[in-house]
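The file my_file.txt contains compact mmCIF, C-alpha atoms:
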# COMPACT_ATOMS: atom_id res chain seq x y z
CA MET F 68 -19.80 20.09 -27.67
CA THR F 69 -17.48 21.93 -29.96
CA ILE F 70 -14.59 20.19 -31.65
CA ASP F 71 -12.16 22.58 -30.06
CA ILE F 72 -13.27 21.98 -26.48
CA HIS F 73 -13.44 18.27 -26.98
CA THR F 74 -9.87 17.96 -28.18
CA LEU F 75 -8.82 19.66 -24.98
CA VAL F 76 -9.92 16.63 -22.93
CA GLY F 77 -6.48 15.01 -22.98
CA ALA F 78 -4.58 18.17 -22.15
CA TYR F 79 -7.06 18.99 -19.39
CA VAL F 80 -6.75 15.58 -17.81
CA LEU F 81 -2.96 15.80 -17.93
CA ASP F 82 -3.04 19.25 -16.30
CA ALA F 83 -1.40 20.62 -19.44
CA VAL F 84 -3.77 23.58 -19.71
CA ASP F 85 -3.44 26.99 -18.11
CA ASP F 86 -5.82 28.33 -15.49
CA ILE F 87 -8.02 30.16 -17.97
CA GLU F 88 -8.43 27.14 -20.22
CA ARG F 89 -9.11 24.99 -17.20
CA ALA F 90 -11.87 27.27 -15.98
CA ALA F 91 -13.41 27.42 -19.46
CA PHE F 92 -13.25 23.69 -19.84
CA GLU F 93 -14.81 23.04 -16.45
CA ARG F 94 -17.62 25.43 -17.28
CA HIS F 95 -18.22 23.46 -20.42
CA LEU F 96 -18.15 20.19 -18.52
CA ARG F 97 -21.15 21.15 -16.43
CA GLU F 98 -23.23 21.14 -19.56
CA CYS F 99 -21.70 18.22 -21.42
CA ASP F 100 -22.44 14.76 -20.05
CA ALA F 101 -20.37 12.99 -22.68
CA CYS F 102 -17.35 15.14 -21.90
CA ARG F 103 -17.76 14.50 -18.22
CA ILE F 104 -17.76 10.76 -18.74
CA GLU F 105 -14.67 10.97 -20.89
CA VAL F 106 -12.87 13.17 -18.37
CA THR F 107 -13.70 10.78 -15.56
CA GLU F 108 -12.44 7.78 -17.47
CA LEU F 109 -9.29 9.36 -18.83
CA GLY F 110 -8.66 11.02 -15.49
CA GLU F 111 -8.58 7.63 -13.89
CA THR F 112 -6.13 6.49 -16.54
CA ALA F 113 -3.92 9.52 -15.99
CA ALA F 114 -3.92 8.86 -12.26
CA ARG F 115 -2.61 5.37 -12.97
CA LEU F 116 0.49 7.03 -14.37
CA ALA F 117 1.31 7.83 -10.75
CA ASP F 118 1.76 4.08 -10.19
CA ASN F 119 4.92 4.46 -12.16
CA THR F 120 6.43 6.92 -9.73
CA TRP F 121 6.65 5.05 -6.42
CA SER F 122 9.26 6.71 -4.32
CA VAL F 123 9.55 6.30 -0.61
CA PRO F 124 9.06 9.61 1.15
CA PRO F 125 11.45 10.60 3.89
CA PRO F 126 10.21 9.07 7.15
CA TRP F 127 9.74 12.44 8.83
CA LEU F 128 7.19 13.52 6.21
CA ARG F 129 4.52 11.41 7.90
CA GLU F 130 5.07 13.08 11.23
CA ASN F 131 5.07 16.54 9.67
CA VAL F 132 1.84 15.86 7.81
CA MET F 133 0.13 14.36 10.86
CA THR F 134 1.13 17.38 12.96
CA GLU F 135 -0.11 19.73 10.28
CA ILE F 136 -3.51 18.10 9.88
CA GLY F 137 -3.90 18.22 13.68
CA ARG F 138 -4.14 21.98 13.39
CA THR F 139 -5.90 22.24 10.02
CA ARG F 140 -9.65 22.77 9.90
CA GLN F 141 -11.51 20.64 7.39
CA ALA F 142 -13.69 22.26 4.76
CA PRO F 143 -17.41 21.45 4.93
CA PRO F 144 -18.96 19.37 2.14
CA ALA F 145 -19.56 21.31 -1.05
CA VAL F 146 -23.01 22.84 -1.31
CA GLU F 147 -22.86 23.74 -4.95
CA ALA F 148 -21.68 21.71 -7.90
CA ALA F 149 -18.50 20.11 -6.72
CA PRO F 150 -15.32 20.78 -8.63
CA VAL F 151 -14.83 18.26 -11.36
CA THR F 152 -13.08 15.19 -10.14
CA ARG F 153 -12.13 12.03 -11.86
CA THR F 154 -13.70 8.69 -11.77
CA ALA F 155 -12.91 5.06 -11.46
CA PRO F 156 -15.16 2.90 -13.51
CA ARG F 157 -13.13 -0.10 -12.47
CA ARG F 158 -12.52 -1.23 -8.96
CA ARG F 159 -8.99 -0.62 -7.85
CA ARG F 160 -8.18 -2.42 -4.69
CA PHE F 161 -4.79 -3.57 -5.71
CA ALA F 162 -2.98 -0.81 -3.91
CA ALA F 163 -4.58 -1.93 -0.69
CA ALA F 164 -3.88 -5.55 -1.42
CA ALA F 165 -0.30 -4.75 -2.27
CA ALA F 166 0.11 -2.96 1.03
CA ALA F 167 -1.02 -6.13 2.75
CA VAL F 168 1.39 -8.12 0.65
CA VAL F 169 4.15 -5.84 1.79
CA ALA F 170 3.31 -6.38 5.41
CA ALA F 171 3.26 -10.07 4.65
CA VAL F 172 6.73 -10.07 3.16
CA GLY F 173 8.04 -9.46 6.64
CA ALA F 174 5.71 -11.88 8.36
CA GLY F 175 6.09 -14.64 5.81
CA SER F 176 9.80 -14.41 6.00
CA ALA F 177 9.81 -14.75 9.75
CA VAL F 178 7.64 -17.83 9.59
CA TYR F 179 10.01 -19.33 7.11
CA ALA F 180 13.01 -18.43 9.17
CA VAL F 181 11.52 -19.77 12.36
CA GLN F 182 10.61 -23.08 10.80
CA ASP F 183 14.04 -23.60 9.38
CA GLN F 184 16.05 -22.55 12.32
CA ARG F 185 13.73 -23.18 15.21
CA VAL F 186 15.27 -21.58 18.21
CA ARG F 187 18.28 -19.54 17.37
CA ASP F 188 18.94 -15.98 18.21
CA GLN F 189 17.03 -13.05 16.92
CA ARG F 190 19.81 -11.82 14.72
CA GLN F 191 19.94 -14.99 12.69
CA VAL F 192 16.19 -14.85 12.26
CA ALA F 193 16.49 -11.33 10.99
CA GLU F 194 19.28 -12.35 8.63
CA ALA F 195 17.24 -15.18 7.20
CA ALA F 196 14.31 -12.82 6.81
CA ARG F 197 16.55 -10.47 4.92
CA ALA F 198 17.80 -13.27 2.70
CA GLU F 199 14.23 -14.28 1.97
CA GLN F 200 13.30 -10.72 1.17
CA ALA F 201 16.33 -10.46 -1.07
CA ARG F 202 15.19 -13.60 -2.88
CA VAL F 203 11.70 -12.12 -3.30
CA ARG F 204 13.18 -8.93 -4.68
CA THR F 205 15.49 -10.82 -7.01
CA ILE F 206 12.63 -12.82 -8.47
CA LEU F 207 10.34 -9.81 -8.80
CA ALA F 208 13.12 -7.88 -10.49
CA ALA F 209 14.05 -10.66 -12.93
CA PRO F 210 13.99 -9.50 -16.54
CA ASP F 211 11.81 -12.45 -17.52
CA VAL F 212 9.36 -12.23 -14.62
CA VAL F 213 5.77 -13.05 -15.57
CA LEU F 214 2.93 -11.96 -13.34
CA SER F 215 -0.38 -13.75 -13.11
CA ARG F 216 -3.22 -12.52 -10.97
CA GLN F 217 -6.45 -14.09 -9.95
CA ASP F 218 -9.26 -12.95 -7.70
CA VAL F 219 -9.92 -15.14 -4.70
CA SER F 220 -13.57 -16.20 -4.90
CA THR F 221 -14.07 -15.40 -1.23
CA GLY F 222 -12.51 -11.96 -1.60
CA GLY F 223 -9.05 -10.59 -2.27
CA ARG F 224 -6.47 -11.58 -4.77
CA VAL F 225 -3.51 -13.82 -5.36
CA THR F 226 -0.57 -12.77 -7.49
CA VAL F 227 2.08 -15.15 -8.75
CA ALA F 228 5.39 -13.98 -10.16
CA THR F 229 7.50 -16.59 -11.92
CA SER F 230 10.95 -16.38 -13.37
CA ARG F 231 12.41 -19.19 -15.45
CA LEU F 232 15.77 -17.52 -15.18
CA HIS F 233 15.75 -18.05 -11.43
CA ASN F 234 13.66 -21.22 -11.68
CA ALA F 235 11.50 -19.86 -8.89
CA GLY F 236 8.32 -17.98 -8.18
CA VAL F 237 6.75 -15.78 -5.56
CA VAL F 238 3.15 -16.26 -4.48
CA MET F 239 1.56 -13.21 -2.89
CA LEU F 240 -1.80 -13.79 -1.28
CA ALA F 241 -3.88 -10.90 0.01
CA ALA F 242 -7.30 -12.32 0.78
CA GLU F 243 -10.23 -11.49 2.97
CA ALA F 244 -10.13 -13.26 6.33
CA ALA F 245 -10.82 -17.00 6.10
CA PRO F 246 -13.93 -18.29 7.88
CA THR F 247 -13.43 -18.74 11.63
CA GLY F 248 -11.53 -21.92 12.41
CA ARG F 249 -10.28 -22.26 8.83
CA VAL F 250 -6.98 -21.37 7.17
CA TYR F 251 -5.70 -20.73 3.69
CA GLN F 252 -3.46 -23.31 2.05
CA LEU F 253 -1.46 -22.88 -1.14
CA TRP F 254 -0.93 -25.63 -3.71
CA THR F 255 1.08 -26.16 -6.83
CA ILE F 256 -0.25 -28.33 -9.63
CA ARG F 257 2.09 -29.97 -12.11
CA PRO F 258 1.24 -31.90 -15.26
CA GLY F 259 0.39 -35.47 -14.36
CA GLY F 260 1.01 -34.98 -10.65
CA ALA F 261 -1.14 -34.65 -7.56
CA PRO F 262 -1.42 -31.15 -6.09
CA GLN F 263 1.38 -30.45 -3.69
CA SER F 264 1.08 -28.23 -0.65
CA ALA F 265 3.01 -25.01 -0.99
CA GLY F 266 2.34 -23.76 2.50
CA VAL F 267 -0.38 -23.33 5.08
CA LEU F 268 -1.20 -19.98 6.59
CA ASN F 269 -1.82 -19.48 10.28
CA GLU F 270 -5.30 -19.05 11.65
CA GLY F 271 -6.34 -15.46 11.19
CA GLN F 272 -3.67 -14.92 8.57
CA ALA F 273 -5.06 -13.65 5.27
CA ALA F 274 -1.92 -12.46 3.54
CA ASP F 275 1.39 -14.10 2.84
CA VAL F 276 4.34 -14.04 0.54
CA VAL F 277 5.94 -17.37 -0.28
CA VAL F 278 8.98 -18.15 -2.38
CA LEU F 279 8.57 -21.37 -4.34
CA GLU F 280 11.75 -22.76 -5.84
CA GLY F 281 11.21 -24.70 -9.04
CA LEU F 282 7.80 -23.14 -9.64
CA PRO F 283 8.15 -22.60 -13.42
CA GLY F 284 7.44 -26.32 -14.07
CA ALA F 285 3.95 -26.01 -12.55
CA THR F 286 0.78 -25.23 -14.48
CA ASP F 287 -1.30 -23.80 -11.64
CA VAL F 288 -1.08 -22.30 -8.22
CA GLY F 289 -4.22 -23.02 -6.23
CA VAL F 290 -5.63 -21.69 -2.99
CA THR F 291 -8.02 -23.61 -0.75
CA ILE F 292 -9.66 -23.13 2.62
CA GLU F 293 -8.70 -25.92 5.00
CA PRO F 294 -8.91 -26.93 8.64
CA PRO F 295 -6.10 -25.53 10.82
CA LYS F 296 -2.65 -26.96 9.95
CA GLY F 297 -3.86 -27.73 6.44
CA SER F 298 -4.72 -30.89 4.56
CA ALA F 299 -2.76 -33.48 2.62
CA THR F 300 -4.98 -33.06 -0.43
CA PRO F 301 -6.86 -29.91 -1.39
CA THR F 302 -10.43 -29.51 -0.16
CA LEU F 303 -12.39 -28.44 -3.21
CA PRO F 304 -13.43 -26.05 -4.56
CA LEU F 305 -10.30 -24.00 -5.07
CA VAL F 306 -11.00 -20.43 -4.01
CA ALA F 307 -8.39 -19.32 -6.52
CA ASP F 308 -6.72 -21.12 -9.40
CA VAL F 309 -3.93 -19.14 -11.00
CA LYS F 310 -2.98 -20.50 -14.41
CA LEU F 311 0.72 -20.05 -15.04
CA ALA F 312 1.84 -19.13 -18.51
CA MET W 102 9.70 -26.21 -4.44
CA ALA W 103 10.71 -24.85 -1.07
CA GLU W 104 10.06 -27.08 1.86
CA ARG W 105 7.64 -24.91 3.64
CA GLY W 106 5.41 -26.84 5.95
CA ALA W 107 2.47 -25.81 8.02
CA GLY W 108 2.85 -22.26 9.27
CA ARG W 109 3.42 -22.33 12.97
CA ARG W 110 4.73 -19.15 14.39
CA PRO W 111 5.76 -19.38 18.03
CA ASP W 112 4.14 -16.57 20.00
CA HIS W 113 7.37 -15.38 21.48
CA LEU W 114 8.82 -14.69 18.06
CA ALA W 115 6.63 -11.90 16.89
CA ALA W 116 9.48 -9.82 15.56
CA VAL W 117 7.63 -8.68 12.50
CA PRO W 118 4.32 -6.93 11.96
CA ALA W 119 1.34 -9.18 12.55
CA VAL W 120 -0.68 -9.83 9.45
CA GLY W 121 -4.29 -8.81 9.61
CA PRO W 122 -6.92 -8.59 6.91
CA PRO W 123 -5.98 -6.37 3.97
CA PRO W 124 -6.28 -2.69 4.81
CA ALA W 125 -9.40 -0.80 3.84
CA ASP W 126 -9.32 0.80 0.43
CA ALA W 127 -8.68 4.47 -0.11
CA GLY W 128 -12.36 5.28 -0.66
CA ASP W 129 -13.41 3.85 2.71
CA LEU W 130 -10.56 5.60 4.46
CA LEU W 131 -11.32 8.91 2.78
CA ARG W 132 -14.91 8.75 4.02
CA GLU W 133 -13.62 8.31 7.56
CA VAL W 134 -11.14 11.12 7.04
CA ALA W 135 -14.01 13.36 5.95
CA ARG W 136 -15.47 12.85 9.41
CA GLY W 137 -12.27 14.11 10.99
CA ASP W 138 -10.74 10.72 11.78
CA GLU W 139 -7.00 11.33 12.10
CA LYS W 140 -6.23 7.65 12.54
CA ALA W 141 -7.89 6.86 9.23
CA PHE W 142 -5.84 9.63 7.69
CA GLY W 143 -2.70 7.93 8.97
CA LYS W 144 -3.73 4.74 7.20
CA LEU W 145 -4.58 6.63 4.06
CA TYR W 146 -1.18 8.29 4.25
CA ASP W 147 0.53 4.90 4.33
CA LEU W 148 -1.45 3.79 1.32
CA VAL W 149 -0.90 6.76 -0.96
CA ALA W 150 2.12 8.72 0.29
CA PRO W 151 4.75 6.86 -1.76
CA ARG W 152 2.85 7.60 -4.95
CA VAL W 153 1.95 11.16 -3.96
CA TYR W 154 5.56 11.88 -3.05
CA GLY W 155 6.93 9.90 -5.99
CA LEU W 156 4.69 11.66 -8.49
CA ILE W 157 5.52 15.10 -7.16
CA ARG W 158 9.19 14.27 -7.05
CA ARG W 159 9.07 13.02 -10.61
CA VAL W 160 7.59 16.32 -11.75
CA LEU W 161 9.75 18.58 -9.60
CA ARG W 162 12.96 16.53 -9.60
CA ASP W 163 14.03 18.09 -6.38
CA PRO W 164 13.56 15.96 -3.25
CA ALA W 165 13.44 18.91 -0.85
CA GLN W 166 10.79 20.72 -2.85
CA ALA W 167 8.92 17.49 -3.49
CA GLU W 168 8.70 16.97 0.25
CA GLU W 169 7.28 20.44 0.76
CA VAL W 170 4.72 20.11 -2.02
CA ALA W 171 3.79 16.56 -0.97
CA GLN W 172 3.06 17.87 2.51
CA GLU W 173 0.85 20.62 1.07
CA ALA W 174 -0.98 18.14 -1.14
CA LEU W 175 -1.57 15.65 1.67
CA VAL W 176 -2.83 18.37 4.00
CA GLU W 177 -5.16 19.48 1.21
CA VAL W 178 -6.49 15.91 1.03
CA TRP W 179 -7.29 16.18 4.74
CA ARG W 180 -8.81 19.63 4.38
CA MET W 181 -10.96 18.84 1.36
CA ALA W 182 -11.90 15.24 2.19
CA ALA W 183 -15.58 16.09 2.65
CA ARG W 184 -15.70 17.44 -0.89
CA PHE W 185 -14.70 14.11 -2.37
CA ASP W 186 -17.61 12.65 -4.29
CA PRO W 187 -17.32 8.90 -4.94
CA GLU W 188 -19.94 9.23 -7.68
CA ARG W 189 -17.46 11.23 -9.66
CA GLY W 190 -14.27 9.31 -9.28
CA SER W 191 -12.10 6.99 -7.25
CA ALA W 192 -10.41 8.24 -4.11
CA THR W 193 -6.91 7.51 -5.38
CA SER W 194 -7.58 9.35 -8.59
CA TRP W 195 -8.91 12.34 -6.64
CA ILE W 196 -5.82 12.34 -4.44
CA PHE W 197 -3.34 12.05 -7.31
CA THR W 198 -5.14 14.83 -9.14
CA ILE W 199 -4.59 17.11 -6.16
CA ALA W 200 -0.95 16.04 -5.95
CA HIS W 201 -0.31 16.43 -9.67
CA ARG W 202 -1.89 19.88 -9.84
CA ARG W 203 0.15 21.06 -6.90
CA ALA W 204 3.34 19.83 -8.53
CA VAL W 205 2.45 21.36 -11.89
CA ASP W 206 1.56 24.68 -10.27
CA ARG W 207 4.93 24.73 -8.57
CA VAL W 208 6.84 23.90 -11.74
CA ARG W 209 4.99 26.50 -13.77
CA SER W 210 5.43 29.25 -11.21
CA GLU W 211 9.13 28.55 -11.15
CA GLN W 212 9.41 28.43 -14.89
CA ALA W 213 7.56 31.73 -15.05
CA ALA W 214 9.91 33.26 -12.55
CA GLY W 215 12.81 31.79 -14.45
CA GLU W 216 14.29 30.38 -11.30
CA ARG W 217 13.98 26.68 -11.69
CA THR W 218 16.42 25.40 -9.20
CA ILE W 219 17.53 21.86 -9.03
CA ARG W 220 18.99 21.14 -5.68
CA ALA W 221 20.51 17.73 -5.56
CA GLY W 222 21.60 15.63 -2.68
CA VAL W 223 18.86 15.39 -0.09
CA ALA W 224 17.80 11.93 -1.07
CA SER W 225 14.97 10.15 0.63
CA VAL W 226 15.96 7.90 3.48
CA ASP W 227 14.78 4.37 3.06
CA THR W 228 14.00 2.18 6.00
CA PRO W 229 14.29 -1.54 5.28
CA TYR W 230 10.51 -1.86 5.42
CA ASP W 231 10.11 0.94 2.93
CA ALA W 232 12.68 -0.55 0.63
CA VAL W 233 10.67 -3.73 0.39
CA ALA W 234 7.45 -1.81 0.02
CA ASP W 235 8.96 0.15 -2.78
CA GLU W 236 10.22 -2.89 -4.58
CA VAL W 237 7.15 -5.10 -4.34
CA ASN W 238 4.54 -2.47 -5.01
CA GLY W 239 6.60 -0.60 -7.50
CA ARG W 240 7.55 -3.66 -9.47
CA LEU W 241 4.02 -4.89 -9.92
CA GLU W 242 2.40 -1.60 -10.78
CA ARG W 243 5.24 -0.12 -12.78
CA GLN W 244 5.28 -3.13 -15.01
CA GLN W 245 1.81 -2.52 -16.33
CA VAL W 246 2.19 1.23 -16.71
CA ARG W 247 5.47 0.80 -18.53
CA ARG W 248 4.12 -1.90 -20.79
CA CYS W 249 1.13 0.24 -21.69
CA LEU W 250 3.26 3.32 -22.31
CA ASP W 251 5.42 1.24 -24.64
CA ASP W 252 2.28 0.41 -26.52
CA LEU W 253 1.72 4.02 -27.59
CA THR W 254 3.09 5.63 -30.71
CA GLU W 255 6.22 7.67 -30.14
CA LEU W 256 4.33 10.95 -30.42
CA GLN W 257 1.52 9.84 -28.13
CA ARG W 258 3.99 8.72 -25.49
CA GLN W 259 6.03 11.90 -25.68
CA ALA W 260 2.95 14.08 -25.52
CA VAL W 261 1.52 12.26 -22.51
CA THR W 262 4.75 11.90 -20.53
CA LEU W 263 6.07 15.41 -21.17
CA ALA W 264 2.80 16.78 -19.83
CA TYR W 265 2.23 14.39 -16.96
CA TYR W 266 5.68 13.62 -15.66
CA GLN W 267 7.32 16.93 -16.45
CA GLY W 268 4.42 19.28 -15.95
CA HIS W 269 4.65 21.01 -19.32
CA SER W 270 1.64 22.81 -20.80
CA TYR W 271 0.45 21.54 -24.16
CA PRO W 272 1.76 24.61 -26.04
CA ARG W 273 5.16 23.93 -24.49
CA VAL W 274 4.92 20.24 -25.42
CA ALA W 275 4.12 21.26 -28.99
CA GLU W 276 7.17 23.47 -28.98
CA LEU W 277 9.42 20.77 -27.54
CA LEU W 278 8.23 18.23 -30.07
CA GLY W 279 8.12 20.64 -33.00
CA THR W 280 4.54 19.54 -33.63
CA PRO W 281 1.47 21.68 -34.37
CA LEU W 282 -0.76 22.48 -31.39
CA PRO W 283 -3.89 20.66 -32.62
CA THR W 284 -1.83 17.51 -33.21
CA VAL W 285 -0.44 17.60 -29.70
CA LYS W 286 -3.89 18.01 -28.18
CA THR W 287 -5.18 15.12 -30.25
CA ARG W 288 -2.23 12.88 -29.38
CA MET W 289 -2.73 13.55 -25.68
CA ARG W 290 -6.33 12.49 -25.95
CA ASP W 291 -5.91 9.43 -28.14
CA GLY W 292 -2.80 8.43 -26.20
CA LEU W 293 -4.83 8.42 -22.99
CA ILE W 294 -7.62 6.47 -24.66
CA ARG W 295 -5.12 3.84 -25.73
CA LEU W 296 -3.64 3.73 -22.24
CA ARG W 297 -7.08 3.34 -20.76
CA ASP W 298 -7.83 0.38 -23.00
CA CYS W 299 -4.45 -1.20 -22.28
CA MET W 300 -4.67 -0.80 -18.51
CA GLY W 301 -8.26 -1.90 -18.44
CA ALA W 302 -7.39 -5.08 -20.27
CA GLY W 303 -4.39 -5.68 -18.04
CA ALA W 304 -6.25 -5.14 -14.81
CA SER W 305 -8.71 -7.92 -15.48
CA ALA W 306 -6.02 -10.35 -16.62
Using structure tokens, write down the structure that the file contains.
Amino acid sequence: MTIDIHTLVGAYVLDAVDDIERAAFERHLRECDACRIEVTELGETAARLADNTWSVPPPWLRENVMTEIGRTRQAPPAVEAAPVTRTAPRRRRFAAAAAAVVAAVGAGSAVYAVQDQRVRDQRQVAEAARAEQARVRTILAAPDVVLSRQDVSTGGRVTVATSRLHNAGVVMLAAEAAPTGRVYQLWTIRPGGAPQSAGVLNEGQAADVVVLEGLPGATDVGVTIEPPKGSATPTLPLVADVKLA
Amino acid sequence: MAERGAGRRPDHLAAVPAVGPPPADAGDLLREVARGDEKAFGKLYDLVAPRVYGLIRRVLRDPAQAEEVAQEALVEVWRMAARFDPERGSATSWIFTIAHRRAVDRVRSEQAAGERTIRAGVASVDTPYDAVADEVNGRLERQQVRRCLDDLTELQRQAVTLAYYQGHSYPRVAELLGTPLPTVKTRMRDGLIRLRDCMGAGASA
């Protein structure tokens, strides 16, 4: 590879080249394995910059796009060398997990609201759900928020956000389904104390968002698989043990 | 700690979306989309649209145009799905590359025509669900990107962000920064390398 072409890797990946340079660079890529690897890796990095741009599209965009694809023919698979695309050396399932977490914000809130208020009217439930969501947002938006993530050994991930400022934390679990007839249970572990239950998920429920007041004193958030309705003490092993900073 | 006992949700109070297993990842969905599965495309849309739209909007700055270009980009994802090669990259990266190129093409063609218009006003309409989605997802992912960008030297950061978020070509970035061309090219590359190392380390934390 020539020095000149190689230094173009960054600009190419950032789409900061013109069409002629792009074509020349892609021609070169077909013959340069090392360049291709670098482009794939840095391309993946550049794509992560899109994480920084979350903006909710107008609701009608979905309908427009779905209508449009309904009348758009798909191209057949490439026969020749495919255009250069970018690669992910590392697994990235967080977006999917986060989507589940989002769905769970609503569900978790309703569970919370229902437990606290039992049978009241729907509007109050919705209000409590909103309050819970507001609390989640407040904690996540705290200037001192610290995020800790841990894979769940049986699949999925648990994320814990803690804020000393608010003396609270948010546990977001997005796991694979628990074995049939078993449920997930969350625990907090404090220095010198027995693990305390921080909530039991329903059967079939693999994602949840839980606000834990007073969490910053704890050293760990644990996840176990338990019989329905949960246990008084954790059934070992923990499927996730998130160490809090 | 909140008193939050065993989760019992009465059946008659299913006011909110039921929680199932986490959705499939973009790669799985894209494979189904390649076989013409419109339902899978709907799921893929939900997964990536806020970033596709957000990225394009960031580059174009005009919500109305961003909407138009986002639609083009997402339809292109549908059209070209069979050309996606998992050996050569992740599905999300492939999708954002399409989106970013579309946005950059639009910006450049407007700059060339000297008619860059910035129409303000037509803001996106947030539903409550979307607002939460935005906050939770955005907060978690933005944090790492921002932290890693802060980790770059000033010149690296400027070079990378002027190109990626504003769609400038590297000669234009050099001009804006008053920096020689070869330096800008180098900073883009070593800036990305540093970002890669930072994000890689963060992701496994």
Any idea what the distance is between atom CA of Pro304 of chain F and atom CA of Thr291 of chain F? 7.1 Å
Write out as JSON, numbers by chain each polymer residue whose atoms come within 7 Å of segment 259-270 of chain W, counting all atoms listed in the file; drop sequence neighbours fewer than 2 positions from it. {"F": [81, 83, 84], "W": [159, 160, 205, 208, 255, 256, 257, 272, 273, 274, 285, 288, 289, 292]}
In the coordinates of the file, take the point (1.0, -30.1, -4.0) and a cut-off of 10 Å; then, counting all atoms listed in the file, name each qualifying protein, DNA or RNA residue as a ChimeraX atom specification. /F:253-257,260-266,285,288-289,299-301 /W:102
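Distances here use all atoms listed in the file; by that measure, the residue among F:Arg129, F:His73, F:Lys296, F:Arg115 closest to Arg152 of chain W is F:Arg115.
Across the structure, atom CA of Glu88 of chain F and atom CA of Thr74 of chain F are spaced 12.2 Å apart.
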Taking 6 positions as the minimum chain separation for residues in the same chain, which residues sit within 9 Å of Val76 of chain F when counting only C-alpha atoms? Answer as a PyMOL selection string. (chain F and resi 92+102+105-106+109) or (chain W and resi 286-287+289-290)
Which residues are close to Thr120 of chain F, i.e. within 9 Å by all atoms listed in the file, leaving aside same-chain residues fewer than 5 positions away? Reply as a list in words. Pro151, Arg152, Val153, Tyr154, Gly155, Leu156, Ile157, Arg158, Arg159, Gly239, Arg243 and Tyr266 of chain W
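Proximity of F:Leu303, F:Leu268, F:Ala101, F:Ala201 to chain W, computed with all atoms listed in the file, is greatest for F:Leu268.
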Once 8 Å is added on each side, what centre and edge lengths in Å to one decimal does the axis-aligned box around all listed atoms of segment 145-157 of chain W have, as AutoDock Vina command-line options?
--center_x 1.2 --center_y 9.4 --center_z -2.1 --size_x 27.5 --size_y 27.3 --size_z 28.8
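Atom CA of Arg204 of chain F is positioned 22.1 Å from atom CA of Val267 of chain F.
Nearest residue to Glu139 of chain W among F:Ala90, F:Ala145, F:Ile104, F:Val132 is F:Val132, counting all atoms listed in the file.
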Neighbouring residues of Leu128 of chain F were defined as those with any atom within 10 Å, considering all atoms listed in the file; residues of the same chain fewer than 3 positions away were excluded. Please report them as an MDAnalysis selection string. (chainID F and resid 124:125 131:134) or (chainID W and resid 150 154 168:169 171:172)
Would you mind listing what lies within 9 Å of Thr221 of chain F as an MDAnalysis selection string, with all atoms listed in the file counted and same-chain residues fewer than 2 positions away left out? chainID F and resid 218:219 223 242:245 306:307
Around the point (-8.1, 5.9, -2.1) in the file's coordinates, collect all residues with an atom within 6 Å, using all atoms listed in the file, and return them as a ChimeraX atom specification. /W:126-128,192-193
